[in-house]
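Asks: Here it is, the structure in full.
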Amino acid sequence: MKRAIISVSDKTGVADFAKALLAKGYEIISTGGTASLLAAEGVPTLEAEQVTGFPECLDGRVKTLHPKIHGGILAIRDNSEHMATLEKLDVGTIDLICVNLYPFKNTVAKPGHTLAEAVENIDIGGPSLIRAGSKNYKFVTVVTDAEDYNLVIENMDADGGVSVDTRFKLAAKAFQHTAAYDAYISQYLAKAAELEKFPNQLTLTFEKKQALRYGENGHQEAAYYTELSNDPACITSAECLSGKELSYNNIGDADGAIAAVKEFTEPCCVAVKHANPCAVAVGKDSAEAYAMAFAADPVSIFGGILAFNSAVNAECAADIIKTFIEIVIAPEYTAEALEILKTKKNMRVLLMPGVAAASVSQIEYKKVGGGLLAQDADNVMWDEVKTVTKTQPAPELTRDMEFAMKVCKHVKSNAIVIAKDGSTLGIGGGSVSRIWAAQAAIARAGDKVNGAVMASDAFFPFEDVVQECAKAGIAAIIQPGGSVNDTRSIEECDKNGIPMVFTGIRHFKH
């Protein structure tokens, strides 16, 4: 008689699976809550201690860790010495393992959980069963996912056997399951123990949230994965209230919009196009902020993504639907606003209360060929803000410079932002030359440039950017400083009566 061990935390479909195994001639061994459930469903089972002859102990921590269990799993069936040993020790073979693990991930996702609760949800026996069965996949079937129950039953022959090809694929999937489980534990405990930020071995795990229709382009396959995080201020926490599923590019652009809008405490609208802010404005409410952002760049905002850090009201919603917008993200919508936005059937409307939260420190990763780059997130805006010119900026110019630098931080390098009265006027980003970025931003600002301020993500290598500012009528400049030619830029500002402020912190974004 074939035998199966069934011991699962996620009990979805397990009773029907057990009944199907019984019909194929399997004897069922089970433990704890799974055994109780199966008994209630009329499925006869053997408790693990009936197999081992050893009572469950230590509050259930030791149930299946026994030679009569693991010997029956690991024995190589076509090895005569192994089989003779089983017979001598009175150990029966075990042919199928159906196990999923203690809900560690769900436990640590609960607000207010304790370290003791997290540690208690570290499974020991389950991974041991899975790994043993998977190692011996030539003879043992391992099922860790309820979605595979039907696959296993459909692939069984009349005697309950499963093809070695199917067993191999299930074993590979099982090792993915235990590897992810261990990675979740490792990440959590490393953070709790305050281990070094960049360890010698970096183990990350992500869970597939959805398959995507395609990637950046139609010929590229893609999927969306999420990490273990309690951060309510990230795209994975958003709830879609209306519209189509998010695409690959939608998710990337939305992430950038969220990061930018979190820089501001006053009501703000950030419009993003192709991963770059194209217009940003602050106002008394969402409607005013959007109106100003739209006026800043009505061309680029078409087909873009909007992020708000305050409630979207009906006036704002009515303006939004006048143009084609891919996504709207906000912490709140009035009932009337939501009804208006839903009239655009394909526009994604995302609810994300955490978008109003302040940025938090985190590690950023970037995949490169053959490796991974890791760094602190850029959560520092400036070091020591100081005026380096003879002319001091007026208070209203200082406010605009601070606003412009907050935007500049989220624009691809080389980055230049021109702003006035709490709104961007022109943005030049992703240029290989700083002067070209400045010229592009000035050109986009058009006639409004006179009296505006300019922010740069990094220092000016020459005085040419200041000269362009003087010609355009820029009223003040904010930049990190740090060039060997700082003096030349300062002197050029003094020559033209332009106040310039250094921040001491650059904001490259590649």
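Simple scheme: letters A, B, ... for chains in structure tokens order, numbers from 1 for residues in each chain, numbers from 1 for ligands in the order shown.
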Do a neighbour search on A:Val91 at 9 Å with only C-alpha atoms, toss out local chain neighbours closer than 4 positions, and write the hits as a compact mmCIF listing (two decimals) with C-alpha atoms, in the first residue's frame.

Replies:
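Once everything was written out, this is around.txt:
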# COMPACT_ATOMS: atom_id res chain seq x y z
CA VAL A 51 3.70 5.39 12.77
CA THR A 52 6.72 6.37 14.84
CA PRO A 67 13.60 7.69 11.37
CA LYS A 68 10.33 5.87 10.74
CA ILE A 69 9.14 8.93 8.86
CA GLY A 71 13.66 6.69 6.54
CA GLY A 72 10.46 5.88 4.69
CA THR A 85 17.43 -1.76 6.18
CA LEU A 86 13.79 -0.60 6.09
CA GLU A 87 12.61 -4.16 6.48

Asks: Quick one: everything within 12 Å of stretch 442-447 of chain A, counting only C-alpha atoms, minus sequence neighbours fewer than 6 positions away in the same chain. Send it as a ChimeraX atom specification.

Replies: /A:278-279,295-300,416-420,423-429,435-436,453-455,465-466,468-474

Asks: Got time to write the residues from that selection, N, CA, C and O atoms, as a CSV table (one decimal), in the first residue's frame?

Replies:
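Dumped to again_39.csv:
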chain,number,residue,atom,x,y,z
A,278,CYS,N,6.8,65.0,-15.3
A,278,CYS,CA,6.7,66.0,-16.4
A,278,CYS,C,6.1,67.3,-15.9
A,278,CYS,O,6.2,68.3,-16.5
A,279,ALA,N,5.3,67.2,-14.8
A,279,ALA,CA,4.7,68.4,-14.2
A,279,ALA,C,4.4,68.1,-12.7
A,279,ALA,O,3.9,67.0,-12.4
A,295,ALA,N,-1.4,72.9,-16.4
A,295,ALA,CA,-1.0,74.2,-17.1
A,295,ALA,C,0.5,74.2,-17.4
A,295,ALA,O,1.0,74.7,-18.3
A,296,ALA,N,1.3,73.5,-16.5
A,296,ALA,CA,2.7,73.5,-16.6
A,296,ALA,C,3.2,72.7,-17.8
A,296,ALA,O,4.2,73.0,-18.4
A,297,ASP,N,2.5,71.6,-18.1
A,297,ASP,CA,2.8,70.8,-19.3
A,297,ASP,C,1.6,70.0,-19.8
A,297,ASP,O,1.5,68.8,-19.6
A,298,PRO,N,0.7,70.7,-20.5
A,298,PRO,CA,-0.5,70.0,-21.0
A,298,PRO,C,-0.2,69.0,-22.1
A,298,PRO,O,-1.1,68.1,-22.3
A,299,VAL,N,0.9,69.1,-22.7
A,299,VAL,CA,1.3,68.1,-23.8
A,299,VAL,C,1.7,66.8,-23.2
A,299,VAL,O,1.2,65.7,-23.5
A,300,SER,N,2.7,66.8,-22.3
A,300,SER,CA,3.3,65.6,-21.8
A,300,SER,C,2.4,64.9,-20.8
A,300,SER,O,2.5,63.7,-20.7
A,416,ILE,N,17.4,69.1,-14.5
A,416,ILE,CA,17.2,70.5,-14.3
A,416,ILE,C,15.7,70.8,-14.1
A,416,ILE,O,15.0,70.3,-15.0
A,417,VAL,N,15.3,71.5,-13.1
A,417,VAL,CA,13.9,71.8,-12.9
A,417,VAL,C,13.8,73.4,-12.8
A,417,VAL,O,14.5,74.0,-12.0
A,418,ILE,N,12.9,73.9,-13.5
A,418,ILE,CA,12.5,75.4,-13.4
A,418,ILE,C,11.1,75.5,-12.8
A,418,ILE,O,10.2,74.8,-13.3
A,419,ALA,N,11.0,76.3,-11.8
A,419,ALA,CA,9.7,76.4,-11.1
A,419,ALA,C,9.4,77.8,-10.6
A,419,ALA,O,10.3,78.6,-10.5
A,420,LYS,N,8.1,78.0,-10.4
A,420,LYS,CA,7.7,79.3,-9.9
A,420,LYS,C,6.3,79.2,-9.2
A,420,LYS,O,5.5,78.5,-9.7
A,423,SER,N,4.9,75.5,-8.7
A,423,SER,CA,4.6,74.7,-9.9
A,423,SER,C,5.9,74.6,-10.7
A,423,SER,O,6.6,75.6,-10.9
A,424,THR,N,6.1,73.4,-11.3
A,424,THR,CA,7.1,73.3,-12.3
A,424,THR,C,6.7,74.1,-13.6
A,424,THR,O,5.5,74.1,-13.9
A,425,LEU,N,7.7,74.6,-14.3
A,425,LEU,CA,7.4,75.3,-15.6
A,425,LEU,C,8.2,74.5,-16.7
A,425,LEU,O,7.7,74.5,-17.8
A,426,GLY,N,9.3,74.0,-16.4
A,426,GLY,CA,10.1,73.2,-17.4
A,426,GLY,C,11.0,72.3,-16.7
A,426,GLY,O,11.6,72.6,-15.7
A,427,ILE,N,11.1,71.0,-17.2
A,427,ILE,CA,11.9,70.0,-16.7
A,427,ILE,C,12.8,69.4,-17.8
A,427,ILE,O,12.3,69.1,-18.8
A,428,GLY,N,14.1,69.4,-17.5
A,428,GLY,CA,15.0,68.8,-18.4
A,428,GLY,C,15.7,67.6,-17.7
A,428,GLY,O,16.4,67.8,-16.8
A,429,GLY,N,15.4,66.4,-18.2
A,429,GLY,CA,16.0,65.2,-17.5
A,429,GLY,C,16.5,64.2,-18.5
A,429,GLY,O,16.1,64.1,-19.7
A,435,ILE,N,24.3,71.3,-19.6
A,435,ILE,CA,23.9,72.5,-20.3
A,435,ILE,C,22.7,72.2,-21.2
A,435,ILE,O,21.8,73.0,-21.4
A,436,TRP,N,22.7,71.0,-21.8
A,436,TRP,CA,21.6,70.6,-22.7
A,436,TRP,C,20.3,70.4,-21.8
A,436,TRP,O,19.2,70.8,-22.2
A,453,VAL,N,12.8,80.1,-10.7
A,453,VAL,CA,14.1,79.5,-10.1
A,453,VAL,C,14.5,78.3,-10.9
A,453,VAL,O,13.7,77.6,-11.5
A,454,MET,N,15.8,77.9,-10.7
A,454,MET,CA,16.3,76.7,-11.3
A,454,MET,C,16.9,75.8,-10.3
A,454,MET,O,17.7,76.3,-9.4
A,455,ALA,N,16.6,74.5,-10.3
A,455,ALA,CA,17.3,73.5,-9.5
A,455,ALA,C,18.0,72.6,-10.3
A,455,ALA,O,17.6,72.2,-11.4
A,465,VAL,N,25.9,77.2,-17.6
A,465,VAL,CA,24.5,77.1,-17.1
A,465,VAL,C,24.0,78.4,-16.5
A,465,VAL,O,22.9,78.8,-16.8
A,466,VAL,N,24.9,79.0,-15.7
A,466,VAL,CA,24.5,80.3,-15.2
A,466,VAL,C,24.3,81.4,-16.3
A,466,VAL,O,23.4,82.2,-16.2
A,468,GLU,N,23.2,80.8,-19.3
A,468,GLU,CA,21.9,80.5,-19.8
A,468,GLU,C,20.8,81.0,-18.9
A,468,GLU,O,19.7,81.6,-19.4
A,469,CYS,N,21.0,80.9,-17.6
A,469,CYS,CA,20.0,81.4,-16.7
A,469,CYS,C,19.8,82.9,-16.8
A,469,CYS,O,18.7,83.4,-16.7
A,470,ALA,N,21.0,83.6,-16.9
A,470,ALA,CA,20.9,85.0,-17.0
A,470,ALA,C,20.2,85.5,-18.2
A,470,ALA,O,19.4,86.4,-18.2
A,471,LYS,N,20.4,84.8,-19.4
A,471,LYS,CA,19.8,85.2,-20.6
A,471,LYS,C,18.3,85.0,-20.5
A,471,LYS,O,17.5,85.7,-21.1
A,472,ALA,N,17.9,83.9,-19.8
A,472,ALA,CA,16.4,83.6,-19.7
A,472,ALA,C,15.7,84.4,-18.6
A,472,ALA,O,14.5,84.4,-18.6
A,473,GLY,N,16.4,85.0,-17.7
A,473,GLY,CA,15.7,85.7,-16.7
A,473,GLY,C,15.5,84.9,-15.4
A,473,GLY,O,14.6,85.3,-14.6
A,474,ILE,N,16.2,83.9,-15.2
A,474,ILE,CA,16.1,83.1,-14.0
A,474,ILE,C,16.5,83.9,-12.8
A,474,ILE,O,17.5,84.6,-12.8

Asks: Measuring atom to atom with only C-alpha atoms, identify which of A:Ala171, A:Leu65, A:Leu21, A:Cys269 is nearest to A:Val407.

Replies: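 Looking only at the distances to A:Val407, the closest residue turns out to be A:Cys269.
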
Asks: Please indicate the distance in Å from atom CA of A:Val355 to atom CA of A:Ala287, rounded to one decimal place.

Replies: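 Between atom CA of A:Val355 and atom CA of A:Ala287 the gap works out to 17.2 Å.
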
Asks: Which stretch 226-279 of chain A residues have any atom within 7 Å of an atom of stretch 304-311 of chain A, and for each, what is the nearest pair of atoms with distance in Å to one decimal, counting only C-alpha atoms, rows sorted by chain and number, as CSV?

Replies:
residue,atom,partner,partner_atom,distance
A:Ala254,CA,A:Ile305,CA,6.6
A:Ala257,CA,A:Ala307,CA,5.7
A:Ile258,CA,A:Ala307,CA,6.1
A:Val261,CA,A:Asn309,CA,6.3
A:Lys262,CA,A:Asn309,CA,6.9
A:Pro267,CA,A:Ser310,CA,5.5
A:Cys268,CA,A:Phe308,CA,5.7
A:Cys269,CA,A:Phe308,CA,4.8
A:Val270,CA,A:Ala307,CA,5.2
A:Ala271,CA,A:Leu306,CA,4.6
A:Val272,CA,A:Ile305,CA,5.1
A:Lys273,CA,A:Gly304,CA,4.9

Asks: Taking the chain letters and numbering used in this document, name the residues of stretch 27-191 of chain A that DSSP puts in alpha helix (DSSP H), as a ChimeraX atom specification.

Replies: /A:32-40,48-52,67-74,80-89,104-109,115-120,125-135,149-155,164-191

Asks: Write out, as CSV, each residue of stretch 130-229 of chain A that has an atom at most 9 Å from stretch 243-253 of chain A, together with the closest pair of atoms and their distance in Å to one decimal, counting only C-alpha atoms, rows going by chain and rising number.

Replies:
residue,atom,partner,partner_atom,distance
A:Leu212,CA,A:Ser247,CA,6.2
A:Arg213,CA,A:Ser247,CA,7.0
A:Tyr214,CA,A:Tyr248,CA,6.9
A:Gly215,CA,A:Tyr248,CA,5.2
A:Glu216,CA,A:Asn249,CA,5.9
A:Asn217,CA,A:Asn249,CA,9.0
A:Ala222,CA,A:Tyr248,CA,7.2
A:Ala223,CA,A:Tyr248,CA,7.7
A:Tyr224,CA,A:Tyr248,CA,7.5

Asks: Name the residues in contact with stretch 182-197 of chain A at a cut-off of 12 Å, using only C-alpha atoms, excluding same-chain residues fewer than 6 positions from it; report them as an MDAnalysis selection string.

Replies: chainID A and resid 101:109 114:116 118:124 126:127 175:176 203:207 227:230 361:364 374:376

Asks: Quick one: of A:Ala438, A:Glu384, A:Phe17, A:Gly482, who's nearest to A:Ile153, counting only C-alpha atoms?

Replies: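 Ranking A:Ala438, A:Glu384, A:Phe17, A:Gly482 by distance to A:Ile153, first place goes to A:Phe17.
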
Asks: So that I can check the secondary structure, give me every residue of stretch 74-189 of chain A assigned strand (DSSP E or B) by backbone DSSP, as number ranges by chain.

Replies: A: 96-99, 141-143, 156, 162

Asks: Go ahead and write the selection's residues with all heavy atoms as a CSV table (one decimal), in the first residue's frame.

Replies:
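After the write, result.csv holds the following:
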chain,number,residue,atom,x,y,z
A,96,LEU,N,4.3,9.9,-0.9
A,96,LEU,CA,3.8,11.3,-1.3
A,96,LEU,C,3.8,12.2,0.0
A,96,LEU,O,3.4,11.8,1.1
A,96,LEU,CB,2.4,11.2,-1.8
A,96,LEU,CG,1.8,12.5,-2.4
A,96,LEU,CD1,0.9,12.2,-3.6
A,96,LEU,CD2,0.9,13.3,-1.3
A,97,ILE,N,4.3,13.4,-0.2
A,97,ILE,CA,4.4,14.4,0.9
A,97,ILE,C,3.5,15.6,0.4
A,97,ILE,O,3.7,16.2,-0.6
A,97,ILE,CB,5.8,14.9,1.1
A,97,ILE,CG1,6.8,13.8,1.2
A,97,ILE,CG2,5.9,15.9,2.2
A,97,ILE,CD1,6.6,13.0,2.5
A,98,CYS,N,2.5,15.9,1.2
A,98,CYS,CA,1.7,17.0,1.0
A,98,CYS,C,1.8,18.0,2.2
A,98,CYS,O,1.2,17.7,3.2
A,98,CYS,CB,0.2,16.6,0.8
A,98,CYS,SG,-0.9,18.0,0.5
A,99,VAL,N,2.6,19.0,2.0
A,99,VAL,CA,3.0,19.8,3.2
A,99,VAL,C,3.1,21.3,2.7
A,99,VAL,O,3.7,21.5,1.6
A,99,VAL,CB,4.3,19.4,3.8
A,99,VAL,CG1,4.8,20.4,4.8
A,99,VAL,CG2,4.2,18.0,4.4
A,141,THR,N,6.6,11.8,-4.4
A,141,THR,CA,5.9,13.0,-5.0
A,141,THR,C,5.8,14.0,-3.8
A,141,THR,O,5.3,13.6,-2.8
A,141,THR,CB,4.5,12.6,-5.5
A,141,THR,OG1,4.7,11.6,-6.5
A,141,THR,CG2,3.8,13.8,-6.1
A,142,VAL,N,6.1,15.2,-4.1
A,142,VAL,CA,6.0,16.3,-3.1
A,142,VAL,C,5.1,17.4,-3.6
A,142,VAL,O,5.3,18.0,-4.7
A,142,VAL,CB,7.4,16.9,-2.8
A,142,VAL,CG1,7.3,18.0,-1.7
A,142,VAL,CG2,8.4,15.8,-2.2
A,143,VAL,N,4.1,17.7,-2.8
A,143,VAL,CA,3.1,18.7,-3.2
A,143,VAL,C,3.1,19.8,-2.2
A,143,VAL,O,2.8,19.6,-1.0
A,143,VAL,CB,1.7,18.1,-3.4
A,143,VAL,CG1,0.8,19.1,-4.0
A,143,VAL,CG2,1.7,16.8,-4.2
A,156,MET,N,-1.8,10.6,-12.0
A,156,MET,CA,-1.6,9.3,-11.4
A,156,MET,C,-2.1,8.2,-12.2
A,156,MET,O,-3.2,8.3,-12.9
A,156,MET,CB,-2.4,9.3,-10.0
A,156,MET,CG,-1.6,9.9,-8.9
A,156,MET,SD,-2.5,9.7,-7.3
A,156,MET,CE,-1.3,10.4,-6.2
A,162,VAL,N,3.0,8.4,-9.9
A,162,VAL,CA,3.1,9.7,-10.7
A,162,VAL,C,4.4,9.6,-11.5
A,162,VAL,O,5.4,9.1,-11.0
A,162,VAL,CB,3.2,10.9,-9.7
A,162,VAL,CG1,3.3,12.2,-10.4
A,162,VAL,CG2,1.9,10.9,-8.8

Asks: Near A:Cys493, counting only C-alpha atoms, which residues have an atom at most 7 Å away, once you skip same-chain residues fewer than 5 positions from it, shown as an NGL selection string?

Replies: :A and (389 or 466 or 498-500)

Asks: If we count only C-alpha atoms, what is near A:Pro331 at a cut-off of 6 Å, once residues fewer than 5 positions away on the same chain are taken out, given as a VMD selection string?

Replies: chain A and resid 351 to 353 355

Asks: Counting only C-alpha atoms, which residue out of A:Ala158, A:Ala458, A:Met1, A:Ile340 sits closest to A:Ser433?

Replies: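 Counting only C-alpha atoms, the residue closest to A:Ser433 is A:Ala458.
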
Asks: Restricting the calculation to only C-alpha atoms: of A:Thr398, A:Thr226, A:Ser134, A:Asn450, which residue gets closest to A:Gly422?

Replies: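 Ranked by minimum distance to A:Gly422, first place goes to A:Thr398.
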
Asks: Name the closest residue to A:Lys412 among the candidates A:Thr265, A:Ser286, A:Gln392, A:Asn276; distances are taken between atoms, counting only C-alpha atoms.

Replies: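 Nearest candidate to A:Lys412 out of A:Thr265, A:Ser286, A:Gln392, A:Asn276: A:Asn276.
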